[in-house]
>>> print(open('protein06.pdb').read())   # PDB, C-alpha atoms
MODEL        1
ATOM      1  CA  MET W 120     136.196  84.682  72.176
ATOM      2  CA  ARG W 121     138.361  82.228  74.095
ATOM      3  CA  GLY W 122     140.110  85.095  75.919
ATOM      4  CA  LEU W 123     136.765  86.578  77.010
ATOM      5  CA  ALA W 124     135.634  83.211  78.401
ATOM      6  CA  GLY W 125     138.899  82.944  80.324
ATOM      7  CA  LEU W 126     138.433  86.400  81.831
ATOM      8  CA  LEU W 127     134.865  85.589  82.876
ATOM      9  CA  PHE W 128     136.032  82.327  84.451
ATOM     10  CA  ILE W 129     138.679  84.155  86.433
ATOM     11  CA  GLY W 130     135.980  86.601  87.576
ATOM     12  CA  LEU W 131     133.876  83.721  88.919
ATOM     13  CA  LEU W 132     136.708  82.141  90.845
ATOM     14  CA  ALA W 133     137.632  83.717  94.131
ATOM     15  CA  VAL W 134     141.047  85.261  94.534
ATOM     16  CA  VAL W 135     141.671  84.626  98.193
ATOM     17  CA  PRO W 136     145.022  85.005  99.968
ATOM     18  CA  ASP W 137     146.705  81.777 101.079
ATOM     19  CA  ARG W 138     145.643  80.752 104.559
ATOM     20  CA  ALA W 139     146.985  77.763 106.432
ATOM     21  CA  GLY W 140     144.425  74.974 106.321
ATOM     22  CA  ALA W 141     141.950  76.977 104.239
ATOM     23  CA  THR W 142     139.787  75.199 101.707
ATOM     24  CA  PRO W 143     140.602  76.425  98.215
ATOM     25  CA  PRO W 144     137.732  78.464  96.749
ATOM     26  CA  ILE W 145     135.314  76.511  94.582
ATOM     27  CA  ILE W 146     133.362  79.449  93.199
ATOM     28  CA  ASP W 147     132.914  83.123  93.992
ATOM     29  CA  GLY W 148     129.314  82.989  95.230
ATOM     30  CA  PRO W 149     128.607  86.742  95.336
ATOM     31  CA  THR W 150     129.940  87.171  91.783
ATOM     32  CA  VAL W 151     127.838  84.275  90.475
ATOM     33  CA  LEU W 152     124.726  85.831  92.051
ATOM     34  CA  GLU W 153     125.309  88.954  89.929
ATOM     35  CA  ARG W 154     125.727  87.198  86.567
ATOM     36  CA  SER W 155     123.421  86.390  83.674
ATOM     37  CA  PRO W 156     123.026  82.867  82.272
ATOM     38  CA  ALA W 157     125.271  83.776  79.311
ATOM     39  CA  ALA W 158     128.068  85.084  81.543
ATOM     40  CA  ILE W 159     127.968  81.988  83.751
ATOM     41  CA  GLN W 160     127.870  79.655  80.750
ATOM     42  CA  ALA W 161     130.900  81.441  79.302
ATOM     43  CA  SER W 162     132.867  80.552  82.417
ATOM     44  CA  LEU W 163     131.430  77.205  83.577
ATOM     45  CA  GLY W 164     130.700  75.794  80.120
ATOM     46  CA  ARG W 165     127.426  74.413  78.853
ATOM     47  CA  PRO W 166     125.020  73.235  81.546
ATOM     48  CA  ILE W 167     124.429  69.496  81.725
ATOM     49  CA  ARG W 168     120.728  70.185  82.239
ATOM     50  CA  THR W 169     118.399  73.159  81.727
ATOM     51  CA  LYS W 170     114.807  73.252  82.960
ATOM     52  CA  ALA W 171     112.114  75.921  82.737
ATOM     53  CA  VAL W 172     110.546  76.607  86.133
ATOM     54  CA  PRO W 173     106.883  77.659  86.055
ATOM     55  CA  PRO W 174     105.610  80.526  88.239
ATOM     56  CA  GLY W 175     104.672  79.460  91.750
ATOM     57  CA  ASP W 176     107.847  77.488  92.507
ATOM     58  CA  PHE W 177     108.984  77.975  96.124
ATOM     59  CA  ARG W 178     112.482  79.148  95.104
ATOM     60  CA  LEU W 179     111.413  81.016  91.952
ATOM     61  CA  PRO W 180     107.943  82.442  92.678
ATOM     62  CA  GLU W 181     107.926  84.386  89.387
ATOM     63  CA  GLY W 182     109.240  81.402  87.408
ATOM     64  CA  GLY W 183     112.555  81.202  85.606
ATOM     65  CA  THR W 184     115.204  78.718  84.598
ATOM     66  CA  LEU W 185     117.264  76.117  86.459
ATOM     67  CA  ARG W 186     120.665  75.174  85.046
ATOM     68  CA  VAL W 187     122.898  72.409  86.356
ATOM     69  CA  TYR W 188     126.666  72.453  85.815
ATOM     70  CA  ALA W 189     129.159  69.669  86.554
ATOM     71  CA  GLY W 190     132.402  70.618  88.233
ATOM     72  CA  ASP W 191     135.411  68.707  89.528
ATOM     73  CA  GLY W 192     133.679  66.610  92.198
ATOM     74  CA  THR W 193     130.875  69.155  92.519
ATOM     75  CA  ARG W 194     127.463  69.835  91.038
ATOM     76  CA  ILE W 195     126.357  73.459  90.771
ATOM     77  CA  ASP W 196     122.637  74.223  90.377
ATOM     78  CA  ILE W 197     121.812  77.837  89.528
ATOM     79  CA  ASP W 198     118.326  79.374  89.456
ATOM     80  CA  PHE W 199     117.773  82.318  87.127
ATOM     81  CA  GLU W 200     114.940  84.813  87.355
ATOM     82  CA  LYS W 201     114.672  87.459  84.592
ATOM     83  CA  GLU W 202     118.231  86.886  83.332
ATOM     84  CA  ARG W 203     119.791  87.157  86.795
ATOM     85  CA  SER W 204     120.943  84.340  89.008
ATOM     86  CA  THR W 205     119.086  84.212  92.312
ATOM     87  CA  THR W 206     120.145  80.946  93.961
ATOM     88  CA  VAL W 207     123.282  78.819  93.739
ATOM     89  CA  VAL W 208     123.424  75.310  95.223
ATOM     90  CA  ILE W 209     126.814  73.623  95.347
ATOM     91  CA  ALA W 210     126.586  69.887  96.096
ATOM     92  CA  PHE W 211     129.494  67.539  96.692
ATOM     93  CA  PRO W 212     128.823  64.082  95.228
ATOM     94  CA  ASP W 213     132.581  63.409  95.557
ATOM     95  CA  ALA W 214     133.217  63.395  99.315
ATOM     96  CA  ALA W 215     136.923  64.096  98.758
ATOM     97  CA  MET W 216     136.056  67.524  97.299
ATOM     98  CA  ALA W 217     133.732  68.528 100.151
ATOM     99  CA  PRO W 218     134.791  71.060 102.793
ATOM    100  CA  ARG W 219     135.043  69.517 106.268
ATOM    101  CA  THR W 220     133.735  72.434 108.362
ATOM    102  CA  TYR W 221     131.080  75.137 108.110
ATOM    103  CA  GLU W 222     133.802  77.789 108.124
ATOM    104  CA  ALA W 223     135.665  76.096 105.275
ATOM    105  CA  ALA W 224     132.396  75.903 103.306
ATOM    106  CA  LEU W 225     131.908  79.675 103.586
ATOM    107  CA  GLU W 226     135.488  80.304 102.533
ATOM    108  CA  ALA W 227     134.996  77.928  99.569
ATOM    109  CA  VAL W 228     132.323  80.263  98.178
ATOM    110  CA  ASN W 229     134.209  83.470  99.048
ATOM    111  CA  LEU W 230     132.136  84.529 102.052
ATOM    112  CA  PRO W 231     133.453  85.557 105.474
ATOM    113  CA  SER W 232     133.620  82.704 107.960
ATOM    114  CA  GLY W 233     133.649  84.851 111.099
ATOM    115  CA  PRO W 234     130.008  85.805 111.703
ATOM    116  CA  ARG W 235     127.975  83.494 113.916
ATOM    117  CA  PRO W 236     125.045  81.785 112.168
ATOM    118  CA  ASP W 237     121.522  83.024 112.857
ATOM    119  CA  LEU W 238     120.206  79.469 113.094
ATOM    120  CA  VAL W 239     122.133  76.396 114.253
ATOM    121  CA  ARG W 240     120.704  72.943 113.694
ATOM    122  CA  ARG W 241     122.412  69.626 114.191
ATOM    123  CA  ALA W 242     123.196  69.219 110.485
ATOM    124  CA  SER W 243     123.112  72.807 109.202
ATOM    125  CA  ARG W 244     123.919  76.455 109.815
ATOM    126  CA  GLU W 245     122.006  79.413 108.346
ATOM    127  CA  TRP W 246     122.951  83.059 107.929
ATOM    128  CA  TYR W 247     120.111  85.415 106.998
ATOM    129  CA  ASN W 248     122.234  88.376 105.933
ATOM    130  CA  LEU W 249     125.787  87.267 105.346
ATOM    131  CA  ASP W 250     127.230  90.001 103.128
ATOM    132  CA  GLY W 251     123.669  90.650 101.910
ATOM    133  CA  TYR W 252     122.918  87.028 101.005
ATOM    134  CA  PHE W 253     120.984  84.204 102.579
ATOM    135  CA  VAL W 254     123.269  81.231 103.151
ATOM    136  CA  GLN W 255     122.660  77.684 104.337
ATOM    137  CA  VAL W 256     125.455  75.145 104.812
ATOM    138  CA  ILE W 257     124.349  71.533 105.243
ATOM    139  CA  ALA W 258     126.530  68.752 106.669
ATOM    140  CA  ALA W 259     126.385  65.189 105.356
ATOM    141  CA  TYR W 260     123.897  63.383 107.572
ATOM    142  CA  PRO W 261     124.185  61.212 109.694
ATOM    143  CA  THR W 262     127.991  61.354 110.050
ATOM    144  CA  LEU W 263     128.323  65.179 109.912
ATOM    145  CA  ASP W 264     131.987  64.722 108.927
ATOM    146  CA  ARG W 265     131.844  66.845 105.769
ATOM    147  CA  ILE W 266     129.682  69.413 104.022
ATOM    148  CA  ASP W 267     127.011  68.022 101.709
ATOM    149  CA  ALA W 268     125.721  71.275 100.170
ATOM    150  CA  ILE W 269     126.049  75.055 100.255
ATOM    151  CA  ILE W 270     123.048  77.201  99.293
ATOM    152  CA  LEU W 271     123.466  80.914  98.486
ATOM    153  CA  SER W 272     120.466  83.050  97.639
ATOM    154  CA  VAL W 273     119.403  86.638  97.145
ATOM    155  CA  HIS W 274     115.949  85.710  98.537
ATOM    156  CA  PRO W 275     115.105  84.600 102.081
ATOM    157  CA  LEU W 276     115.405  80.856 102.510
ATOM    158  CA  PRO W 277     112.085  78.976 102.543
TER     159      PRO W 277
ENDMDL
END
>>> encode(input="protein06.pdb", output="structure tokens")
Amino acid sequence: MRGLAGLLFIGLLAVVPDRAGATPPIIDGPTVLERSPAAIQASLGRPIRTKAVPPGDFRLPEGGTLRVYAGDGTRIDIDFEKERSTTVVIAFPDAAMAPRTYEAALEAVNLPSGPRPDLVRRASREWYNLDGYFVQVIAAYPTLDRIDAIILSVHPLP
């Protein structure tokens, strides 16, 4: 069983070639968005919190489950709808673990950093079809010197 959990964990982590100055990957976002709660739990461990989400929620219109995982300087919130993850939010309560640029944030979740965002705001960037996903990267306000959160979703952002 331990070997299977190790393999699943490796599948969730991004295998990205070394790049000078690149932020090491935190999680493989596209892979996480294809996994069931059991597969994610096998790799990230038990969630620190689980909550049922009733139908009508803005991120889970059909209802589902929210699970929160603690990482090394990160907090990962994952929404599940019908046994499939639909939204991943990576927050950085430890500022030392946070990426410093929007490009580094995309690389940290194994997404290409080249495409220009569809929407640029002072404290965020949004991509509406980045490798088939909806992505929002939010800088820490008001200093904007690091990334506060990365949101990946299979649904359009609200």
>>> resolve_selection(input="protein06.pdb", expression="the PyMOL selection byres ((chain W and resi 211) around 12)", output="VMD selection string")
chain W and resid 145 189 to 196 208 to 210 212 to 219 224 256 to 259 265 to 270
>>> atom_distance(input="protein06.pdb", atom1="atom CA of Glu181 of chain W", atom2="atom CA of Glu200 of chain W")
7.3 Å
>>> atom_distance(input="protein06.pdb", atom1="atom CA of Pro149 of chain W", atom2="atom CA of Glu202 of chain W")
15.9 Å
>>> closest_residue(input="protein06.pdb", among="W:Leu271, W:Val151, W:Leu263, W:Ala171", to="Arg241 of chain W", atoms="all atoms listed in the file")
W:Leu263
>>> closest_residue(input="protein06.pdb", among="W:Val273, W:Leu185, W:Val172, W:Ile146", to="Trp246 of chain W", atoms="only C-alpha atoms")
W:Val273
>>> residues_around(input="protein06.pdb", residues="segment 203-206 of chain W", least_positions_apart="4", cutoff="12 Å", atoms="only C-alpha atoms", output="CSV table (one decimal) with C-alpha atoms, in the frame of the given file")
chain,number,residue,atom,x,y,z
W,148,GLY,CA,129.3,83.0,95.2
W,149,PRO,CA,128.6,86.7,95.3
W,150,THR,CA,129.9,87.2,91.8
W,151,VAL,CA,127.8,84.3,90.5
W,152,LEU,CA,124.7,85.8,92.1
W,153,GLU,CA,125.3,89.0,89.9
W,154,ARG,CA,125.7,87.2,86.6
W,155,SER,CA,123.4,86.4,83.7
W,156,PRO,CA,123.0,82.9,82.3
W,157,ALA,CA,125.3,83.8,79.3
W,158,ALA,CA,128.1,85.1,81.5
W,159,ILE,CA,128.0,82.0,83.8
W,160,GLN,CA,127.9,79.7,80.8
W,177,PHE,CA,109.0,78.0,96.1
W,178,ARG,CA,112.5,79.1,95.1
W,179,LEU,CA,111.4,81.0,92.0
W,180,PRO,CA,107.9,82.4,92.7
W,181,GLU,CA,107.9,84.4,89.4
W,182,GLY,CA,109.2,81.4,87.4
W,183,GLY,CA,112.6,81.2,85.6
W,184,THR,CA,115.2,78.7,84.6
W,185,LEU,CA,117.3,76.1,86.5
W,186,ARG,CA,120.7,75.2,85.0
W,187,VAL,CA,122.9,72.4,86.4
W,195,ILE,CA,126.4,73.5,90.8
W,196,ASP,CA,122.6,74.2,90.4
W,197,ILE,CA,121.8,77.8,89.5
W,198,ASP,CA,118.3,79.4,89.5
W,199,PHE,CA,117.8,82.3,87.1
W,252,TYR,CA,122.9,87.0,101.0
W,253,PHE,CA,121.0,84.2,102.6
W,254,VAL,CA,123.3,81.2,103.2
W,255,GLN,CA,122.7,77.7,104.3
W,269,ILE,CA,126.0,75.1,100.3
W,270,ILE,CA,123.0,77.2,99.3
W,271,LEU,CA,123.5,80.9,98.5
W,272,SER,CA,120.5,83.0,97.6
W,273,VAL,CA,119.4,86.6,97.1
W,274,HIS,CA,115.9,85.7,98.5
W,275,PRO,CA,115.1,84.6,102.1
W,276,LEU,CA,115.4,80.9,102.5
W,277,PRO,CA,112.1,79.0,102.5
>>> resolve_selection(input="protein06.pdb", expression="the PyMOL selection byres ((chain W and resi 231-235) around 9)", output="VMD selection string")
chain W and resid 221 to 226 229 to 230 236 to 238 246 249 to 250
>>> atom_distance(input="protein06.pdb", atom1="atom CA of Ala227 of chain W", atom2="atom CA of Asp264 of chain W")
16.5 Å
>>> decode(input="protein06.pdb", residues="segment 172-194 of chain W", atoms="N, CA and C atoms", output="PDB file, in the first residue's frame")
ATOM      1  N   VAL W 172     -20.615  20.517   0.589  1.00  0.00           N
ATOM      2  CA  VAL W 172     -21.073  21.768  -0.009  1.00  0.00           C
ATOM      3  C   VAL W 172     -22.449  21.520  -0.612  1.00  0.00           C
ATOM      4  N   PRO W 173     -23.467  22.250  -0.145  1.00  0.00           N
ATOM      5  CA  PRO W 173     -24.818  22.019  -0.674  1.00  0.00           C
ATOM      6  C   PRO W 173     -24.953  22.549  -2.103  1.00  0.00           C
ATOM      7  N   PRO W 174     -25.914  22.024  -2.862  1.00  0.00           N
ATOM      8  CA  PRO W 174     -26.160  22.554  -4.212  1.00  0.00           C
ATOM      9  C   PRO W 174     -26.457  24.056  -4.148  1.00  0.00           C
ATOM     10  N   GLY W 175     -26.042  24.755  -5.190  1.00  0.00           N
ATOM     11  CA  GLY W 175     -26.277  26.192  -5.258  1.00  0.00           C
ATOM     12  C   GLY W 175     -25.051  27.020  -4.918  1.00  0.00           C
ATOM     13  N   ASP W 176     -23.964  26.387  -4.484  1.00  0.00           N
ATOM     14  CA  ASP W 176     -22.730  27.102  -4.193  1.00  0.00           C
ATOM     15  C   ASP W 176     -22.175  27.688  -5.494  1.00  0.00           C
ATOM     16  N   PHE W 177     -21.554  28.862  -5.442  1.00  0.00           N
ATOM     17  CA  PHE W 177     -21.080  29.496  -6.674  1.00  0.00           C
ATOM     18  C   PHE W 177     -19.956  28.716  -7.351  1.00  0.00           C
ATOM     19  N   ARG W 178     -19.125  27.983  -6.593  1.00  0.00           N
ATOM     20  CA  ARG W 178     -18.065  27.204  -7.228  1.00  0.00           C
ATOM     21  C   ARG W 178     -18.488  25.772  -7.511  1.00  0.00           C
ATOM     22  N   LEU W 179     -19.464  25.264  -6.758  1.00  0.00           N
ATOM     23  CA  LEU W 179     -19.968  23.907  -6.957  1.00  0.00           C
ATOM     24  C   LEU W 179     -21.479  23.959  -7.086  1.00  0.00           C
ATOM     25  N   PRO W 180     -22.001  24.397  -8.230  1.00  0.00           N
ATOM     26  CA  PRO W 180     -23.450  24.561  -8.388  1.00  0.00           C
ATOM     27  C   PRO W 180     -24.250  23.291  -8.107  1.00  0.00           C
ATOM     28  N   GLU W 181     -23.682  22.128  -8.389  1.00  0.00           N
ATOM     29  CA  GLU W 181     -24.371  20.859  -8.150  1.00  0.00           C
ATOM     30  C   GLU W 181     -24.125  20.323  -6.741  1.00  0.00           C
ATOM     31  N   GLY W 182     -23.310  21.030  -5.959  1.00  0.00           N
ATOM     32  CA  GLY W 182     -22.934  20.542  -4.631  1.00  0.00           C
ATOM     33  C   GLY W 182     -21.722  19.642  -4.739  1.00  0.00           C
ATOM     34  N   GLY W 183     -21.164  19.264  -3.600  1.00  0.00           N
ATOM     35  CA  GLY W 183     -19.997  18.397  -3.602  1.00  0.00           C
ATOM     36  C   GLY W 183     -19.305  18.419  -2.263  1.00  0.00           C
ATOM     37  N   THR W 184     -17.985  18.344  -2.309  1.00  0.00           N
ATOM     38  CA  THR W 184     -17.181  18.278  -1.102  1.00  0.00           C
ATOM     39  C   THR W 184     -15.979  19.194  -1.242  1.00  0.00           C
ATOM     40  N   LEU W 185     -15.627  19.879  -0.157  1.00  0.00           N
ATOM     41  CA  LEU W 185     -14.416  20.686  -0.086  1.00  0.00           C
ATOM     42  C   LEU W 185     -13.472  19.992   0.878  1.00  0.00           C
ATOM     43  N   ARG W 186     -12.227  19.802   0.458  1.00  0.00           N
ATOM     44  CA  ARG W 186     -11.203  19.234   1.335  1.00  0.00           C
ATOM     45  C   ARG W 186     -10.026  20.190   1.389  1.00  0.00           C
ATOM     46  N   VAL W 187      -9.475  20.347   2.577  1.00  0.00           N
ATOM     47  CA  VAL W 187      -8.338  21.242   2.787  1.00  0.00           C
ATOM     48  C   VAL W 187      -7.147  20.405   3.247  1.00  0.00           C
ATOM     49  N   TYR W 188      -6.016  20.590   2.573  1.00  0.00           N
ATOM     50  CA  TYR W 188      -4.786  19.879   2.886  1.00  0.00           C
ATOM     51  C   TYR W 188      -3.722  20.898   3.294  1.00  0.00           C
ATOM     52  N   ALA W 189      -2.872  20.520   4.249  1.00  0.00           N
ATOM     53  CA  ALA W 189      -1.765  21.372   4.663  1.00  0.00           C
ATOM     54  C   ALA W 189      -0.499  20.863   3.996  1.00  0.00           C
ATOM     55  N   GLY W 190       0.245  21.794   3.412  1.00  0.00           N
ATOM     56  CA  GLY W 190       1.511  21.446   2.793  1.00  0.00           C
ATOM     57  C   GLY W 190       2.633  22.200   3.480  1.00  0.00           C
ATOM     58  N   ASP W 191       3.828  22.103   2.964  1.00  0.00           N
ATOM     59  CA  ASP W 191       4.980  22.798   3.512  1.00  0.00           C
ATOM     60  C   ASP W 191       4.871  24.282   3.162  1.00  0.00           C
ATOM     61  N   GLY W 192       4.293  25.071   4.061  1.00  0.00           N
ATOM     62  CA  GLY W 192       4.122  26.498   3.826  1.00  0.00           C
ATOM     63  C   GLY W 192       2.974  26.845   2.915  1.00  0.00           C
ATOM     64  N   THR W 193       2.164  25.845   2.557  1.00  0.00           N
ATOM     65  CA  THR W 193       1.025  26.065   1.667  1.00  0.00           C
ATOM     66  C   THR W 193      -0.242  25.476   2.281  1.00  0.00           C
ATOM     67  N   ARG W 194      -1.362  25.925   1.774  1.00  0.00           N
ATOM     68  CA  ARG W 194      -2.657  25.319   2.087  1.00  0.00           C
ATOM     69  C   ARG W 194      -3.330  25.044   0.744  1.00  0.00           C
TER      70      ARG W 194
END
